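Structure first, commentary second.
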Amino acid sequence: MAALPLSAQSDISFDPATTQAEFTKFSRIAAQAIYATPVEPARARGLLGFDIGIAVTAVPVDTTASYWTHSVRDDFTISDYVAVPRVVASKGLGRATLSATYAKVQSSDVSTWGGALDVPLMSGGVLKPTIAVRAAYSTLQGSDVYDLKTYGAEVFLSKGFGPVTPYIAAGRMKMDASGSVSPAITLNDDSAFNRFTVGVKLSLLIPKLVFEATQAEERSYAAKVSFGL
């Protein structure tokens, strides 16, 4: 059966044979890919603090599975990963940090934007770690047949050792997804699932490098290069 014709020729195009289970699996992977992580440990920055950088999140995809072949018009994965490059900007608010992200899925007309707010529960010191909570929101744009929003809350634990700051996080994310499979059929999913993240931040003289891995629907990887105060 042919995929649903799109007036805007979106890269997301659901086959009328798409099942609810396939839609849910596709949406969970898409939600993990667009999640508005600033790719850094959660903490508060001072009023003069800022950070601007380029990050990428890579989520594995089984490109032969029906949840994928029934959901995309053209396969835009790279080595079986959906790679989502993003611009990330963070600004200190004194007792919190506000981050904004904008991403464009490679070889696709799909884009996403979102934001996150970090609020510390315990500030770190020479002997103390930093404990902070992060709330995040993101939304997907560029498709006439698919709407996706994500929401999340996580708790971060981090401790600096000179220029190296390892961190871990645990939380939960929720998605609201809606897809037009045919003019008469719309599939929806509002499920939630856990997120577990481990990462490390390297604060060098000029660039800051961050690497992290997250286990959610799939095991994804993210990296960021940035500069700031």
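Residues in the structure tokens are named by chain (A, B, ... in the order shown) and by number from 1 within that chain; ligands are numbered from 1 in the order shown.
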| request: Would you kindly return, as a PyMOL selection string, each protein, DNA or RNA residue with an atom no farther than 6 Å from any atom of Gly152 of chain A, considering only C-alpha atoms and excluding same-chain residues fewer than 6 positions away? | output: chain A and resi 135-136+172-173
Could you pull out the residues in segment 15-221 of chain A that DSSP calls alpha helix (DSSP H) from the backbone, as an mmCIF file with N, CA and C atoms, in the first residue's frame?
```
data_model
loop_
_atom_site.group_PDB
_atom_site.id
_atom_site.type_symbol
_atom_site.label_atom_id
_atom_site.label_comp_id
_atom_site.auth_asym_id
_atom_site.auth_seq_id
_atom_site.Cartn_x
_atom_site.Cartn_y
_atom_site.Cartn_z
ATOM 1 N N GLN A 20 -0.922 0.439 15.844
ATOM 2 C CA GLN A 20 -0.720 1.248 17.043
ATOM 3 C C GLN A 20 0.629 0.944 17.684
ATOM 4 N N ALA A 21 1.014 -0.331 17.696
ATOM 5 C CA ALA A 21 2.305 -0.713 18.291
ATOM 6 C C ALA A 21 3.463 -0.105 17.513
ATOM 7 N N GLU A 22 3.380 -0.091 16.188
ATOM 8 C CA GLU A 22 4.433 0.510 15.363
ATOM 9 C C GLU A 22 4.490 2.008 15.592
ATOM 10 N N PHE A 23 3.341 2.641 15.672
ATOM 11 C CA PHE A 23 3.303 4.094 15.913
ATOM 12 C C PHE A 23 3.915 4.439 17.261
ATOM 13 N N THR A 24 3.602 3.639 18.275
ATOM 14 C CA THR A 24 4.153 3.881 19.607
ATOM 15 C C THR A 24 5.677 3.732 19.612
ATOM 16 N N LYS A 25 6.187 2.672 18.990
ATOM 17 C CA LYS A 25 7.636 2.464 18.951
ATOM 18 C C LYS A 25 8.333 3.598 18.211
ATOM 19 N N PHE A 26 7.802 3.992 17.047
ATOM 20 C CA PHE A 26 8.392 5.098 16.299
ATOM 21 C C PHE A 26 8.372 6.381 17.122
ATOM 22 N N SER A 27 7.269 6.647 17.795
ATOM 23 C CA SER A 27 7.139 7.885 18.563
ATOM 24 C C SER A 27 8.070 7.900 19.762
ATOM 25 N N ARG A 28 8.274 6.764 20.398
ATOM 26 C CA ARG A 28 9.194 6.717 21.540
ATOM 27 C C ARG A 28 10.627 7.018 21.097
ATOM 28 N N ILE A 29 11.029 6.488 19.947
ATOM 29 C CA ILE A 29 12.371 6.776 19.437
ATOM 30 C C ILE A 29 12.484 8.241 19.034
ATOM 31 N N ALA A 30 11.459 8.761 18.347
ATOM 32 C CA ALA A 30 11.482 10.167 17.956
ATOM 33 C C ALA A 30 11.515 11.072 19.180
ATOM 34 N N ALA A 31 10.762 10.721 20.222
ATOM 35 C CA ALA A 31 10.750 11.530 21.438
ATOM 36 C C ALA A 31 12.118 11.550 22.111
ATOM 37 N N GLN A 32 12.784 10.403 22.138
ATOM 38 C CA GLN A 32 14.121 10.361 22.725
ATOM 39 C C GLN A 32 15.098 11.192 21.901
ATOM 40 N N ALA A 33 14.932 11.186 20.586
ATOM 41 C CA ALA A 33 15.853 11.931 19.723
ATOM 42 C C ALA A 33 15.710 13.432 19.890
ATOM 43 N N ILE A 34 14.470 13.930 20.102
ATOM 44 C CA ILE A 34 14.264 15.386 20.167
ATOM 45 C C ILE A 34 14.265 15.913 21.597
ATOM 46 N N SER A 66 9.252 -2.732 10.678
ATOM 47 C CA SER A 66 8.053 -2.106 10.126
ATOM 48 C C SER A 66 7.723 -0.791 10.805
ATOM 49 N N TYR A 67 8.102 -0.615 12.103
ATOM 50 C CA TYR A 67 7.807 0.657 12.759
ATOM 51 C C TYR A 67 8.528 1.811 12.074
ATOM 52 N N TRP A 68 9.669 1.520 11.421
ATOM 53 C CA TRP A 68 10.431 2.558 10.722
ATOM 54 C C TRP A 68 9.993 2.673 9.261
ATOM 55 N N THR A 69 9.909 1.552 8.566
ATOM 56 C CA THR A 69 9.557 1.596 7.139
ATOM 57 C C THR A 69 8.127 2.080 6.919
#
```
| request: For Met122 of chain A, list every protein, DNA or RNA residue within 10 Å, evaluated using only C-alpha atoms, and leave out those in the same chain fewer than 3 positions away; present the list as a ChimeraX atom specification. | output: /A:43,119,125,128-133,157
Export, as a short mmCIF file (atom, residue, chain, number, x, y, z; two decimals), in the first residue's frame, the selected residues with N, CA and C atoms.
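Ended up saving to selection.cif:
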```
data_model
loop_
_atom_site.label_atom_id
_atom_site.label_comp_id
_atom_site.auth_asym_id
_atom_site.auth_seq_id
_atom_site.Cartn_x
_atom_site.Cartn_y
_atom_site.Cartn_z
N ARG A 43 22.96 22.19 36.90
CA ARG A 43 23.49 23.01 37.99
C ARG A 43 23.02 24.44 37.79
N VAL A 119 17.51 23.53 38.47
CA VAL A 119 17.42 24.15 39.79
C VAL A 119 18.16 23.26 40.79
N GLY A 125 30.66 21.47 46.53
CA GLY A 125 31.82 22.11 47.13
C GLY A 125 33.02 21.19 47.01
N LYS A 128 31.48 18.15 48.69
CA LYS A 128 30.08 17.86 48.41
C LYS A 128 29.81 17.79 46.91
N PRO A 129 28.96 16.88 46.48
CA PRO A 129 28.52 16.86 45.10
C PRO A 129 27.40 17.88 44.89
N THR A 130 27.08 18.14 43.64
CA THR A 130 25.93 18.96 43.30
C THR A 130 24.75 18.06 42.98
N ILE A 131 23.62 18.36 43.60
CA ILE A 131 22.38 17.66 43.30
C ILE A 131 21.40 18.69 42.75
N ALA A 132 20.84 18.42 41.58
CA ALA A 132 19.95 19.39 40.94
C ALA A 132 18.85 18.66 40.19
N VAL A 133 17.74 19.35 40.00
CA VAL A 133 16.64 18.80 39.21
C VAL A 133 16.57 19.57 37.89
N LEU A 157 23.20 14.13 39.74
CA LEU A 157 24.25 14.11 40.76
C LEU A 157 25.58 14.27 40.04
#
```
| note | atom CA of Tyr151 of chain A sits from atom CA of Leu187 of chain A at a separation of 19.4 Å
| request: Please provide the set of residues having any atom within 6 Å of segment 147-150 of chain A, restricted to only C-alpha atoms, with same-chain residues fewer than 5 positions apart removed, written as a list in words. | output: Tyr137, Ser138, Thr139, Leu140, Lys174, Met175, Asp176, Ala177 and Ser178 of chain A
| task | Find the residues near Ser71 of chain A: any atom within 6 Å, counting only C-alpha atoms, skip ones fewer than 3 places away on the same chain, and give them as an MDAnalysis selection string. | result | chainID A and resid 12:14 68
Can I get the selected residues back with N, CA and C atoms, as a CSV table (one decimal), in the first residue's frame?
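Written file, again_25.csv:
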```csv
chain,number,residue,atom,x,y,z
A,12,ILE,N,8.3,12.5,7.3
A,12,ILE,CA,7.5,11.5,8.1
A,12,ILE,C,6.2,11.3,7.3
A,13,SER,N,6.0,10.0,7.0
A,13,SER,CA,4.8,9.7,6.1
A,13,SER,C,4.4,8.3,6.5
A,14,PHE,N,3.2,8.2,7.2
A,14,PHE,CA,2.7,6.9,7.7
A,14,PHE,C,2.0,6.1,6.7
A,68,TRP,N,9.7,1.5,11.4
A,68,TRP,CA,10.4,2.6,10.7
A,68,TRP,C,10.0,2.7,9.3
```
| Residues flagged strand (DSSP E) by DSSP in segment 9-218 of chain A, as a ChimeraX atom specification | /A:50-60,81-92,97-104,111-122,130-141,146-158,164-182,185-189,192-203,208-215
| Leu205 of chain A: which residues within 12 Å, counting only C-alpha atoms, same-chain residues fewer than 4 positions away excluded, as a PyMOL selection string? | chain A and resi 163+209+226-229
Those selected residues, please, written with N, CA and C atoms and delivered as a PDB file, in the first residue's frame.
```pdb
ATOM      1  N   PRO A 163      39.309  19.781  36.126  1.00  0.00           N
ATOM      2  CA  PRO A 163      38.581  20.063  34.886  1.00  0.00           C
ATOM      3  C   PRO A 163      37.588  18.970  34.484  1.00  0.00           C
ATOM      4  N   LEU A 209      34.009  20.076  26.544  1.00  0.00           N
ATOM      5  CA  LEU A 209      33.573  18.863  25.870  1.00  0.00           C
ATOM      6  C   LEU A 209      32.718  18.043  26.820  1.00  0.00           C
ATOM      7  N   SER A 226      31.416  23.286  23.358  1.00  0.00           N
ATOM      8  CA  SER A 226      30.869  24.607  23.676  1.00  0.00           C
ATOM      9  C   SER A 226      31.930  25.502  24.287  1.00  0.00           C
ATOM     10  N   PHE A 227      31.560  26.777  24.455  1.00  0.00           N
ATOM     11  CA  PHE A 227      32.406  27.715  25.186  1.00  0.00           C
ATOM     12  C   PHE A 227      31.511  28.607  26.022  1.00  0.00           C
ATOM     13  N   GLY A 228      32.075  29.171  27.065  1.00  0.00           N
ATOM     14  CA  GLY A 228      31.281  30.047  27.935  1.00  0.00           C
ATOM     15  C   GLY A 228      31.948  30.230  29.281  1.00  0.00           C
ATOM     16  N   LEU A 229      31.181  30.814  30.187  1.00  0.00           N
ATOM     17  CA  LEU A 229      31.655  31.079  31.544  1.00  0.00           C
ATOM     18  C   LEU A 229      30.890  30.231  32.541  1.00  0.00           C
TER      19      LEU A 229
END
```
| said: Give me the residues near Phe211 of chain A as a list in words, where near means some atom within 6 Å (using only C-alpha atoms) and where sequence neighbours in that chain fewer than 3 positions away do not count. | reply: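 The neighbour list is Gly199, Val200, Ala222 and Ala223 of chain A.
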Prev. selection, all heavy atoms, output as a short mmCIF file (atom, residue, chain, number, x, y, z; two decimals), in the first residue's frame:
```cif
data_model
loop_
_atom_site.label_atom_id
_atom_site.label_comp_id
_atom_site.auth_asym_id
_atom_site.auth_seq_id
_atom_site.Cartn_x
_atom_site.Cartn_y
_atom_site.Cartn_z
N GLY A 199 27.41 10.62 32.24
CA GLY A 199 28.19 11.48 31.36
C GLY A 199 29.42 12.05 32.05
O GLY A 199 29.63 11.86 33.26
N VAL A 200 30.21 12.76 31.26
CA VAL A 200 31.40 13.42 31.79
C VAL A 200 31.62 14.72 31.04
O VAL A 200 31.42 14.78 29.82
CB VAL A 200 32.66 12.51 31.69
CG1 VAL A 200 32.96 12.16 30.24
CG2 VAL A 200 33.86 13.17 32.36
N ALA A 222 25.21 11.16 23.17
CA ALA A 222 25.22 12.59 22.87
C ALA A 222 26.60 13.17 23.18
O ALA A 222 27.31 12.68 24.06
CB ALA A 222 24.15 13.33 23.67
N ALA A 223 26.96 14.20 22.43
CA ALA A 223 28.22 14.90 22.64
C ALA A 223 28.00 16.38 22.37
O ALA A 223 27.12 16.76 21.58
CB ALA A 223 29.32 14.35 21.74
#
```
